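Colleague: Next comes the structure file query_20.txt, holding compact mmCIF, N, CA and C atoms.
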```txt
# COMPACT_ATOMS: atom_id res chain seq x y z
N MET I 122 -25.49 73.31 -39.06
CA MET I 122 -25.62 73.30 -37.63
C MET I 122 -26.70 74.30 -37.22
N GLU I 123 -27.56 73.87 -36.35
CA GLU I 123 -28.63 74.74 -35.85
C GLU I 123 -28.08 75.71 -34.81
N LYS I 124 -28.56 76.93 -34.91
CA LYS I 124 -28.17 77.98 -33.96
C LYS I 124 -29.43 78.43 -33.24
N ARG I 125 -29.38 78.46 -31.89
CA ARG I 125 -30.54 78.84 -31.10
C ARG I 125 -30.15 79.96 -30.13
N ILE I 126 -30.96 80.98 -30.08
CA ILE I 126 -30.73 82.10 -29.17
C ILE I 126 -31.22 81.73 -27.78
N ILE I 127 -30.40 82.01 -26.78
CA ILE I 127 -30.76 81.77 -25.38
C ILE I 127 -30.91 83.13 -24.70
N ASN I 128 -32.07 83.37 -24.13
CA ASN I 128 -32.32 84.59 -23.36
C ASN I 128 -33.15 84.23 -22.14
N THR I 129 -32.87 84.89 -21.03
CA THR I 129 -33.63 84.67 -19.81
C THR I 129 -33.84 86.00 -19.10
N PRO I 130 -35.00 86.20 -18.49
CA PRO I 130 -35.22 87.41 -17.71
C PRO I 130 -34.41 87.42 -16.40
N ASP I 131 -33.78 86.28 -16.07
CA ASP I 131 -32.99 86.17 -14.85
C ASP I 131 -31.57 86.68 -15.01
N ALA I 132 -31.23 87.15 -16.20
CA ALA I 132 -29.94 87.78 -16.47
C ALA I 132 -30.23 89.12 -17.14
N PRO I 133 -29.30 90.05 -17.09
CA PRO I 133 -29.56 91.37 -17.68
C PRO I 133 -29.83 91.30 -19.19
N GLU I 134 -30.70 92.17 -19.63
CA GLU I 134 -30.94 92.29 -21.07
C GLU I 134 -29.68 92.83 -21.71
N PRO I 135 -29.36 92.42 -22.93
CA PRO I 135 -28.19 92.96 -23.61
C PRO I 135 -28.28 94.48 -23.73
N ILE I 136 -27.12 95.12 -23.62
CA ILE I 136 -27.08 96.58 -23.72
C ILE I 136 -26.57 97.01 -25.09
N GLY I 137 -26.62 96.11 -26.04
CA GLY I 137 -26.19 96.39 -27.40
C GLY I 137 -26.77 95.35 -28.35
N PRO I 138 -26.31 95.34 -29.60
CA PRO I 138 -26.84 94.41 -30.59
C PRO I 138 -26.22 93.01 -30.48
N TYR I 139 -26.59 92.30 -29.43
CA TYR I 139 -26.12 90.93 -29.21
C TYR I 139 -27.15 90.20 -28.35
N ASN I 140 -26.98 88.90 -28.18
CA ASN I 140 -27.84 88.08 -27.33
C ASN I 140 -27.07 87.64 -26.10
N GLN I 141 -27.82 87.23 -25.07
CA GLN I 141 -27.17 86.72 -23.86
C GLN I 141 -26.29 85.52 -24.18
N ALA I 142 -26.79 84.65 -25.05
CA ALA I 142 -26.02 83.46 -25.43
C ALA I 142 -26.56 82.88 -26.73
N ILE I 143 -25.72 82.09 -27.36
CA ILE I 143 -26.09 81.35 -28.57
C ILE I 143 -25.71 79.90 -28.35
N MET I 144 -26.66 79.00 -28.62
CA MET I 144 -26.40 77.57 -28.59
C MET I 144 -26.17 77.15 -30.05
N ALA I 145 -25.00 76.61 -30.32
CA ALA I 145 -24.66 76.12 -31.65
C ALA I 145 -24.28 74.66 -31.49
N GLY I 146 -25.15 73.78 -31.98
CA GLY I 146 -24.94 72.36 -31.74
C GLY I 146 -25.02 72.09 -30.25
N ASN I 147 -23.97 71.50 -29.69
CA ASN I 147 -23.96 71.24 -28.24
C ASN I 147 -23.12 72.25 -27.47
N MET I 148 -22.73 73.34 -28.16
CA MET I 148 -21.90 74.35 -27.52
C MET I 148 -22.69 75.62 -27.23
N LEU I 149 -22.48 76.17 -26.04
CA LEU I 149 -23.13 77.40 -25.62
C LEU I 149 -22.07 78.49 -25.50
N PHE I 150 -22.31 79.60 -26.18
CA PHE I 150 -21.41 80.75 -26.14
C PHE I 150 -22.13 81.88 -25.42
N ILE I 151 -21.67 82.19 -24.22
CA ILE I 151 -22.33 83.21 -23.39
C ILE I 151 -21.59 84.53 -23.54
N SER I 152 -22.33 85.57 -23.88
CA SER I 152 -21.76 86.91 -23.99
C SER I 152 -21.24 87.36 -22.64
N GLY I 153 -20.32 88.29 -22.67
CA GLY I 153 -19.76 88.83 -21.45
C GLY I 153 -20.84 89.41 -20.56
N GLN I 154 -20.78 89.06 -19.29
CA GLN I 154 -21.73 89.55 -18.30
C GLN I 154 -21.02 90.51 -17.35
N VAL I 155 -21.72 91.58 -17.01
CA VAL I 155 -21.24 92.54 -16.01
C VAL I 155 -22.21 92.50 -14.83
N ALA I 156 -21.96 93.31 -13.83
CA ALA I 156 -22.70 93.24 -12.57
C ALA I 156 -24.02 93.99 -12.57
N ILE I 157 -24.78 93.86 -13.63
CA ILE I 157 -26.11 94.47 -13.68
C ILE I 157 -27.10 93.53 -13.00
N ASN I 158 -27.87 94.06 -12.06
CA ASN I 158 -28.93 93.29 -11.42
C ASN I 158 -30.10 93.23 -12.40
N PRO I 159 -30.49 92.03 -12.86
CA PRO I 159 -31.55 91.93 -13.86
C PRO I 159 -32.94 92.34 -13.34
N LYS I 160 -33.11 92.40 -12.02
CA LYS I 160 -34.42 92.76 -11.46
C LYS I 160 -34.75 94.22 -11.67
N ASN I 161 -33.71 95.08 -11.66
CA ASN I 161 -33.97 96.52 -11.81
C ASN I 161 -33.03 97.20 -12.81
N ASN I 162 -32.21 96.39 -13.49
CA ASN I 162 -31.31 96.89 -14.54
C ASN I 162 -30.32 97.93 -14.01
N THR I 163 -29.88 97.77 -12.77
CA THR I 163 -28.91 98.70 -12.20
C THR I 163 -27.70 97.93 -11.65
N ILE I 164 -26.65 98.67 -11.41
CA ILE I 164 -25.46 98.10 -10.78
C ILE I 164 -25.50 98.52 -9.31
N GLU I 165 -25.61 97.53 -8.43
CA GLU I 165 -25.75 97.78 -7.00
C GLU I 165 -24.49 97.42 -6.23
N ALA I 166 -23.56 96.72 -6.87
CA ALA I 166 -22.36 96.23 -6.19
C ALA I 166 -21.57 97.37 -5.59
N LYS I 167 -21.14 97.18 -4.36
CA LYS I 167 -20.38 98.20 -3.63
C LYS I 167 -18.87 97.97 -3.70
N ASP I 168 -18.47 96.74 -4.06
CA ASP I 168 -17.04 96.43 -4.14
C ASP I 168 -16.84 95.31 -5.16
N ILE I 169 -15.59 94.94 -5.38
CA ILE I 169 -15.28 93.93 -6.40
C ILE I 169 -15.84 92.56 -6.03
N PHE I 170 -15.99 92.27 -4.75
CA PHE I 170 -16.55 90.99 -4.34
C PHE I 170 -18.02 90.90 -4.75
N GLU I 171 -18.80 91.93 -4.42
CA GLU I 171 -20.22 91.96 -4.80
C GLU I 171 -20.37 91.98 -6.32
N GLU I 172 -19.49 92.72 -6.97
CA GLU I 172 -19.55 92.81 -8.42
C GLU I 172 -19.33 91.43 -9.06
N THR I 173 -18.32 90.73 -8.59
CA THR I 173 -18.01 89.41 -9.15
C THR I 173 -19.13 88.42 -8.86
N HIS I 174 -19.69 88.44 -7.66
CA HIS I 174 -20.83 87.57 -7.36
C HIS I 174 -21.98 87.83 -8.32
N GLN I 175 -22.32 89.09 -8.57
CA GLN I 175 -23.43 89.40 -9.48
C GLN I 175 -23.14 88.90 -10.89
N VAL I 176 -21.91 89.06 -11.34
CA VAL I 176 -21.54 88.55 -12.66
C VAL I 176 -21.75 87.04 -12.71
N MET I 177 -21.30 86.35 -11.69
CA MET I 177 -21.43 84.88 -11.66
C MET I 177 -22.90 84.46 -11.55
N HIS I 178 -23.71 85.21 -10.82
CA HIS I 178 -25.16 84.91 -10.76
C HIS I 178 -25.78 85.07 -12.14
N ASN I 179 -25.39 86.12 -12.85
CA ASN I 179 -25.91 86.34 -14.21
C ASN I 179 -25.51 85.22 -15.14
N LEU I 180 -24.25 84.79 -15.04
CA LEU I 180 -23.79 83.68 -15.88
C LEU I 180 -24.53 82.39 -15.54
N ARG I 181 -24.74 82.14 -14.25
CA ARG I 181 -25.48 80.94 -13.85
C ARG I 181 -26.89 80.95 -14.42
N ALA I 182 -27.53 82.12 -14.43
CA ALA I 182 -28.90 82.22 -14.98
C ALA I 182 -28.93 81.86 -16.45
N VAL I 183 -27.94 82.31 -17.20
CA VAL I 183 -27.89 81.99 -18.63
C VAL I 183 -27.61 80.50 -18.82
N LEU I 184 -26.69 79.95 -18.04
CA LEU I 184 -26.42 78.51 -18.11
C LEU I 184 -27.70 77.71 -17.82
N GLN I 185 -28.43 78.10 -16.78
CA GLN I 185 -29.65 77.39 -16.42
C GLN I 185 -30.71 77.49 -17.52
N ALA I 186 -30.77 78.63 -18.19
CA ALA I 186 -31.72 78.79 -19.30
C ALA I 186 -31.41 77.82 -20.44
N ALA I 187 -30.15 77.40 -20.52
CA ALA I 187 -29.73 76.43 -21.53
C ALA I 187 -29.66 75.01 -20.96
N GLU I 188 -30.22 74.84 -19.74
CA GLU I 188 -30.24 73.55 -19.05
C GLU I 188 -28.83 73.04 -18.77
N MET I 189 -27.98 73.95 -18.33
CA MET I 189 -26.60 73.63 -17.96
C MET I 189 -26.27 74.25 -16.62
N ASP I 190 -25.03 73.98 -16.15
CA ASP I 190 -24.52 74.62 -14.94
C ASP I 190 -23.02 74.84 -15.10
N PHE I 191 -22.36 75.31 -14.06
CA PHE I 191 -20.93 75.61 -14.17
C PHE I 191 -20.10 74.37 -14.49
N GLY I 192 -20.61 73.18 -14.21
CA GLY I 192 -19.90 71.96 -14.58
C GLY I 192 -19.79 71.75 -16.07
N ASN I 193 -20.61 72.44 -16.86
CA ASN I 193 -20.57 72.33 -18.32
C ASN I 193 -19.58 73.32 -18.95
N VAL I 194 -19.08 74.25 -18.16
CA VAL I 194 -18.22 75.31 -18.70
C VAL I 194 -16.84 74.75 -19.04
N VAL I 195 -16.40 75.03 -20.27
CA VAL I 195 -15.08 74.56 -20.71
C VAL I 195 -14.07 75.70 -20.88
N LYS I 196 -14.56 76.95 -20.98
CA LYS I 196 -13.67 78.08 -21.23
C LYS I 196 -14.29 79.36 -20.70
N THR I 197 -13.49 80.18 -20.05
CA THR I 197 -13.95 81.50 -19.62
C THR I 197 -12.91 82.55 -20.02
N THR I 198 -13.40 83.74 -20.17
CA THR I 198 -12.53 84.90 -20.37
C THR I 198 -12.94 85.94 -19.35
N ILE I 199 -11.97 86.43 -18.61
CA ILE I 199 -12.23 87.46 -17.60
C ILE I 199 -11.52 88.74 -18.04
N PHE I 200 -12.28 89.82 -18.06
CA PHE I 200 -11.74 91.14 -18.38
C PHE I 200 -11.75 91.96 -17.09
N LEU I 201 -10.61 92.55 -16.75
CA LEU I 201 -10.49 93.38 -15.55
C LEU I 201 -9.97 94.76 -15.93
N THR I 202 -10.46 95.76 -15.24
CA THR I 202 -9.95 97.11 -15.47
C THR I 202 -8.62 97.36 -14.76
N ASP I 203 -8.28 96.46 -13.84
CA ASP I 203 -7.04 96.61 -13.08
C ASP I 203 -6.60 95.22 -12.61
N MET I 204 -5.41 94.80 -12.97
CA MET I 204 -4.94 93.47 -12.58
C MET I 204 -4.77 93.34 -11.06
N ALA I 205 -4.77 94.43 -10.34
CA ALA I 205 -4.72 94.36 -8.87
C ALA I 205 -5.99 93.70 -8.33
N LEU I 206 -7.06 93.67 -9.13
CA LEU I 206 -8.33 93.04 -8.73
C LEU I 206 -8.29 91.52 -8.90
N PHE I 207 -7.27 91.01 -9.58
CA PHE I 207 -7.19 89.59 -9.92
C PHE I 207 -7.39 88.66 -8.71
N PRO I 208 -6.68 88.86 -7.59
CA PRO I 208 -6.86 87.94 -6.46
C PRO I 208 -8.30 87.93 -5.92
N SER I 209 -8.93 89.07 -5.84
CA SER I 209 -10.30 89.14 -5.31
C SER I 209 -11.28 88.46 -6.25
N VAL I 210 -11.17 88.72 -7.54
CA VAL I 210 -12.06 88.09 -8.53
C VAL I 210 -11.83 86.59 -8.53
N ASN I 211 -10.57 86.17 -8.49
CA ASN I 211 -10.23 84.75 -8.48
C ASN I 211 -10.86 84.03 -7.29
N GLU I 212 -10.81 84.67 -6.13
CA GLU I 212 -11.37 84.07 -4.90
C GLU I 212 -12.86 83.79 -5.06
N ILE I 213 -13.61 84.75 -5.59
CA ILE I 213 -15.06 84.57 -5.76
C ILE I 213 -15.34 83.59 -6.89
N TYR I 214 -14.70 83.78 -8.02
CA TYR I 214 -14.88 82.92 -9.20
C TYR I 214 -14.72 81.44 -8.84
N ALA I 215 -13.69 81.12 -8.08
CA ALA I 215 -13.39 79.73 -7.74
C ALA I 215 -14.51 79.06 -6.96
N LYS I 216 -15.27 79.83 -6.19
CA LYS I 216 -16.34 79.27 -5.35
C LYS I 216 -17.52 78.72 -6.18
N TYR I 217 -17.60 79.08 -7.44
CA TYR I 217 -18.73 78.66 -8.27
C TYR I 217 -18.47 77.36 -9.01
N PHE I 218 -17.29 76.82 -8.88
CA PHE I 218 -16.94 75.58 -9.58
C PHE I 218 -16.62 74.49 -8.57
N THR I 219 -16.97 73.26 -8.92
CA THR I 219 -16.57 72.10 -8.15
C THR I 219 -15.85 71.17 -9.11
N GLY I 220 -14.84 70.50 -8.63
CA GLY I 220 -14.10 69.61 -9.52
C GLY I 220 -13.18 70.38 -10.44
N ASP I 221 -13.16 69.97 -11.68
CA ASP I 221 -12.24 70.56 -12.65
C ASP I 221 -12.65 71.97 -13.04
N PHE I 222 -11.66 72.86 -13.09
CA PHE I 222 -11.90 74.23 -13.55
C PHE I 222 -11.80 74.28 -15.07
N PRO I 223 -12.51 75.21 -15.69
CA PRO I 223 -12.40 75.36 -17.14
C PRO I 223 -11.08 76.03 -17.53
N ALA I 224 -10.76 75.97 -18.81
CA ALA I 224 -9.64 76.75 -19.33
C ALA I 224 -10.02 78.23 -19.19
N ARG I 225 -9.01 79.11 -19.14
CA ARG I 225 -9.33 80.51 -18.89
C ARG I 225 -8.19 81.42 -19.27
N GLU I 226 -8.53 82.65 -19.63
CA GLU I 226 -7.55 83.72 -19.67
C GLU I 226 -8.15 84.91 -18.96
N THR I 227 -7.27 85.73 -18.41
CA THR I 227 -7.67 86.96 -17.73
C THR I 227 -6.84 88.08 -18.33
N VAL I 228 -7.53 89.12 -18.79
CA VAL I 228 -6.83 90.22 -19.42
C VAL I 228 -7.25 91.55 -18.80
N ALA I 229 -6.31 92.48 -18.79
CA ALA I 229 -6.61 93.83 -18.32
C ALA I 229 -7.05 94.67 -19.52
N VAL I 230 -8.08 95.46 -19.31
CA VAL I 230 -8.60 96.33 -20.36
C VAL I 230 -8.68 97.75 -19.83
N ARG I 231 -8.76 98.67 -20.73
CA ARG I 231 -8.79 100.07 -20.32
C ARG I 231 -10.12 100.47 -19.68
N GLY I 232 -11.20 99.89 -20.14
CA GLY I 232 -12.51 100.22 -19.60
C GLY I 232 -13.52 99.15 -19.98
N LEU I 233 -14.64 99.12 -19.26
CA LEU I 233 -15.71 98.16 -19.51
C LEU I 233 -17.05 98.90 -19.52
N PRO I 234 -18.07 98.30 -20.13
CA PRO I 234 -19.39 98.94 -20.15
C PRO I 234 -19.89 99.27 -18.75
N LYS I 235 -20.61 100.37 -18.65
CA LYS I 235 -21.22 100.81 -17.39
C LYS I 235 -20.17 101.12 -16.31
N ASN I 236 -18.93 101.28 -16.71
CA ASN I 236 -17.82 101.58 -15.78
C ASN I 236 -17.63 100.53 -14.69
N VAL I 237 -17.91 99.27 -15.03
CA VAL I 237 -17.70 98.18 -14.09
C VAL I 237 -16.22 97.80 -14.07
N ASN I 238 -15.85 96.94 -13.15
CA ASN I 238 -14.46 96.50 -13.01
C ASN I 238 -14.18 95.12 -13.57
N VAL I 239 -15.24 94.32 -13.78
CA VAL I 239 -15.05 92.94 -14.24
C VAL I 239 -16.18 92.56 -15.20
N GLU I 240 -15.79 91.83 -16.25
CA GLU I 240 -16.73 91.23 -17.19
C GLU I 240 -16.23 89.82 -17.47
N ILE I 241 -17.16 88.86 -17.51
CA ILE I 241 -16.78 87.47 -17.76
C ILE I 241 -17.67 86.88 -18.83
N SER I 242 -17.05 86.19 -19.80
CA SER I 242 -17.79 85.43 -20.80
C SER I 242 -17.43 83.96 -20.63
N MET I 243 -18.30 83.09 -21.15
CA MET I 243 -18.07 81.65 -21.00
C MET I 243 -18.48 80.89 -22.24
N THR I 244 -17.85 79.72 -22.39
CA THR I 244 -18.25 78.73 -23.38
C THR I 244 -18.51 77.43 -22.61
N ALA I 245 -19.64 76.80 -22.91
CA ALA I 245 -20.01 75.57 -22.23
C ALA I 245 -20.41 74.51 -23.26
N VAL I 246 -20.33 73.26 -22.85
CA VAL I 246 -20.70 72.14 -23.72
C VAL I 246 -21.75 71.30 -23.03
N HIS I 247 -22.79 70.98 -23.76
CA HIS I 247 -23.88 70.14 -23.22
C HIS I 247 -23.58 68.69 -23.43
```
Would you mind writing the structure in this file as structure tokens?

Modeller:
Amino acid sequence: MEKRIINTPDAPEPIGPYNQAIMAGNMLFISGQVAINPKNNTIEAKDIFEETHQVMHNLRAVLQAAEMDFGNVVKTTIFLTDMALFPSVNEIYAKYFTGDFPARETVAVRGLPKNVNVEISMTAVH
């Protein structure tokens, strides 16, 4: 199976030894995205709503680089630093999908890179 690296300047550069996404066959595996603005490599979000929107914008950019959109997503994983944020993240997350939602799990973690509150990874099928 052929493996292809997907990178776009419209999403943040990886902050470690990984790629934004890998296309393996017809499956796209997107690394966890946090609320880094790719234009200036900073976190500008003032609250969980802005943070979640930026994460979803970053994910959309990676999907588009692979010629996909949120309709191709089959699985997501959401990491939260506090489960009290779940309703707010859920509200924003839901706005990016039409029709069927992907499978998903949401887990609470002790901390996330750059001291953000939410990180989301996705798997999509072309």

Colleague: Each side padded by 5 Å, which centre and which edge lengths in Å (one decimal) define the axis-aligned box around the listed atoms of range 201-206 of chain I? Give them as AutoDock Vina command-line options.

Modeller:
```
--center_x -7.7 --center_y 94.4 --center_z -12.5 --size_x 15.9 --size_y 15.8 --size_z 18.4
```

Colleague: If you run DSSP on this backbone, which residues of chain I come out as helix (DSSP H, G or I), and could you give them as a PyMOL selection string?

Modeller: chain I and resi 169-186+191-193+204-215+234-236

Colleague: Between I:Asp131, I:Val194, I:Met177, I:Glu172, which residue has the minimum interatomic distance to Lys160 in chain I, considering all atoms listed in the file?

Modeller: I:Asp131

Colleague: Using all atoms listed in the file, which of I:Met122, I:Ala215, I:Pro133, I:Ala205 sits nearest Asn179 in chain I?

Modeller: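 Ranking I:Met122, I:Ala215, I:Pro133, I:Ala205 by distance to Asn179 in chain I, first place goes to I:Pro133.
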
Colleague: In the coordinate frame of the file, compute which residues have an atom within 6.5 Å of (-18.2, 77.8, -9.7) when using all atoms listed in the file, and state them as a ChimeraX atom specification.

Modeller: /I:191,214-219

Colleague: Could you pull out every residue with an atom within 8 Å of (-26.3, 69.1, -27.0), file coordinates, counting only N, CA and C atoms, and send them as a list in words?

Modeller: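 All residues meeting the 8 Å criterion around (-26.3, 69.1, -27.0) are Ala145, Gly146, Asn147, Met148, Val246 and His247 of chain I.
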
Colleague: Determine which residues of range 191-227 of chain I receive a DSSP assignment of strand (DSSP E), computed from the backbone, and state them as a list of chain:residue names.

Modeller: I:Val194, I:Val195, I:Lys196, I:Thr197, I:Thr198, I:Ile199, I:Phe200, I:Leu201, I:Ala224, I:Arg225, I:Glu226, I:Thr227

Colleague: Restricting the calculation to only C-alpha atoms: of I:Arg225, I:Lys235, I:Arg125, I:Lys167, which residue gets closest to Ile199 in chain I?

Modeller: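 Ranking I:Arg225, I:Lys235, I:Arg125, I:Lys167 by distance to Ile199 in chain I, first place goes to I:Arg225.
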
Colleague: Would you pick out the contacts of Pro130 in chain I at 9 Å or less, using only C-alpha atoms, so that residues sharing its chain but fewer than 2 positions from it are not included, and give the list as a ChimeraX atom specification?

Modeller: /I:128,132-134,159-160,182

Colleague: Got a minute to add N, CA, C and O atoms to range 183-206 of chain I and dump it as a short mmCIF file (atom, residue, chain, number, x, y, z; two decimals), in the coordinates of the input?

Modeller:
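The new file result36.cif reads:
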```
data_model
loop_
_atom_site.label_atom_id
_atom_site.label_comp_id
_atom_site.auth_asym_id
_atom_site.auth_seq_id
_atom_site.Cartn_x
_atom_site.Cartn_y
_atom_site.Cartn_z
N VAL I 183 -27.94 82.31 -17.20
CA VAL I 183 -27.89 81.99 -18.63
C VAL I 183 -27.61 80.50 -18.82
O VAL I 183 -28.24 79.84 -19.65
N LEU I 184 -26.69 79.95 -18.04
CA LEU I 184 -26.42 78.51 -18.11
C LEU I 184 -27.70 77.71 -17.82
O LEU I 184 -28.02 76.76 -18.53
N GLN I 185 -28.43 78.10 -16.78
CA GLN I 185 -29.65 77.39 -16.42
C GLN I 185 -30.71 77.49 -17.52
O GLN I 185 -31.45 76.54 -17.77
N ALA I 186 -30.77 78.63 -18.19
CA ALA I 186 -31.72 78.79 -19.30
C ALA I 186 -31.41 77.82 -20.44
O ALA I 186 -32.30 77.45 -21.21
N ALA I 187 -30.15 77.40 -20.52
CA ALA I 187 -29.73 76.43 -21.53
C ALA I 187 -29.66 75.01 -20.96
O ALA I 187 -29.10 74.11 -21.57
N GLU I 188 -30.22 74.84 -19.74
CA GLU I 188 -30.24 73.55 -19.05
C GLU I 188 -28.83 73.04 -18.77
O GLU I 188 -28.52 71.86 -18.95
N MET I 189 -27.98 73.95 -18.33
CA MET I 189 -26.60 73.63 -17.96
C MET I 189 -26.27 74.25 -16.62
O MET I 189 -27.08 74.97 -16.05
N ASP I 190 -25.03 73.98 -16.15
CA ASP I 190 -24.52 74.62 -14.94
C ASP I 190 -23.02 74.84 -15.10
O ASP I 190 -22.47 74.58 -16.18
N PHE I 191 -22.36 75.31 -14.06
CA PHE I 191 -20.93 75.61 -14.17
C PHE I 191 -20.10 74.37 -14.49
O PHE I 191 -18.98 74.50 -15.01
N GLY I 192 -20.61 73.18 -14.21
CA GLY I 192 -19.90 71.96 -14.58
C GLY I 192 -19.79 71.75 -16.07
O GLY I 192 -18.94 70.98 -16.53
N ASN I 193 -20.61 72.44 -16.86
CA ASN I 193 -20.57 72.33 -18.32
C ASN I 193 -19.58 73.32 -18.95
O ASN I 193 -19.31 73.24 -20.14
N VAL I 194 -19.08 74.25 -18.16
CA VAL I 194 -18.22 75.31 -18.70
C VAL I 194 -16.84 74.75 -19.04
O VAL I 194 -16.20 74.10 -18.22
N VAL I 195 -16.40 75.03 -20.27
CA VAL I 195 -15.08 74.56 -20.71
C VAL I 195 -14.07 75.70 -20.88
O VAL I 195 -12.87 75.46 -20.91
N LYS I 196 -14.56 76.95 -20.98
CA LYS I 196 -13.67 78.08 -21.23
C LYS I 196 -14.29 79.36 -20.70
O LYS I 196 -15.49 79.58 -20.85
N THR I 197 -13.49 80.18 -20.05
CA THR I 197 -13.95 81.50 -19.62
C THR I 197 -12.91 82.55 -20.02
O THR I 197 -11.73 82.24 -20.17
N THR I 198 -13.40 83.74 -20.17
CA THR I 198 -12.53 84.90 -20.37
C THR I 198 -12.94 85.94 -19.35
O THR I 198 -14.12 86.26 -19.24
N ILE I 199 -11.97 86.43 -18.61
CA ILE I 199 -12.23 87.46 -17.60
C ILE I 199 -11.52 88.74 -18.04
O ILE I 199 -10.32 88.72 -18.35
N PHE I 200 -12.28 89.82 -18.06
CA PHE I 200 -11.74 91.14 -18.38
C PHE I 200 -11.75 91.96 -17.09
O PHE I 200 -12.78 92.05 -16.43
N LEU I 201 -10.61 92.55 -16.75
CA LEU I 201 -10.49 93.38 -15.55
C LEU I 201 -9.97 94.76 -15.93
O LEU I 201 -9.11 94.89 -16.80
N THR I 202 -10.46 95.76 -15.24
CA THR I 202 -9.95 97.11 -15.47
C THR I 202 -8.62 97.36 -14.76
O THR I 202 -7.93 98.31 -15.06
N ASP I 203 -8.28 96.46 -13.84
CA ASP I 203 -7.04 96.61 -13.08
C ASP I 203 -6.60 95.22 -12.61
O ASP I 203 -7.37 94.53 -11.91
N MET I 204 -5.41 94.80 -12.97
CA MET I 204 -4.94 93.47 -12.58
C MET I 204 -4.77 93.34 -11.06
O MET I 204 -4.70 92.22 -10.55
N ALA I 205 -4.77 94.43 -10.34
CA ALA I 205 -4.72 94.36 -8.87
C ALA I 205 -5.99 93.70 -8.33
O ALA I 205 -6.01 93.22 -7.21
N LEU I 206 -7.06 93.67 -9.13
CA LEU I 206 -8.33 93.04 -8.73
C LEU I 206 -8.29 91.52 -8.90
O LEU I 206 -9.19 90.83 -8.42
#
```
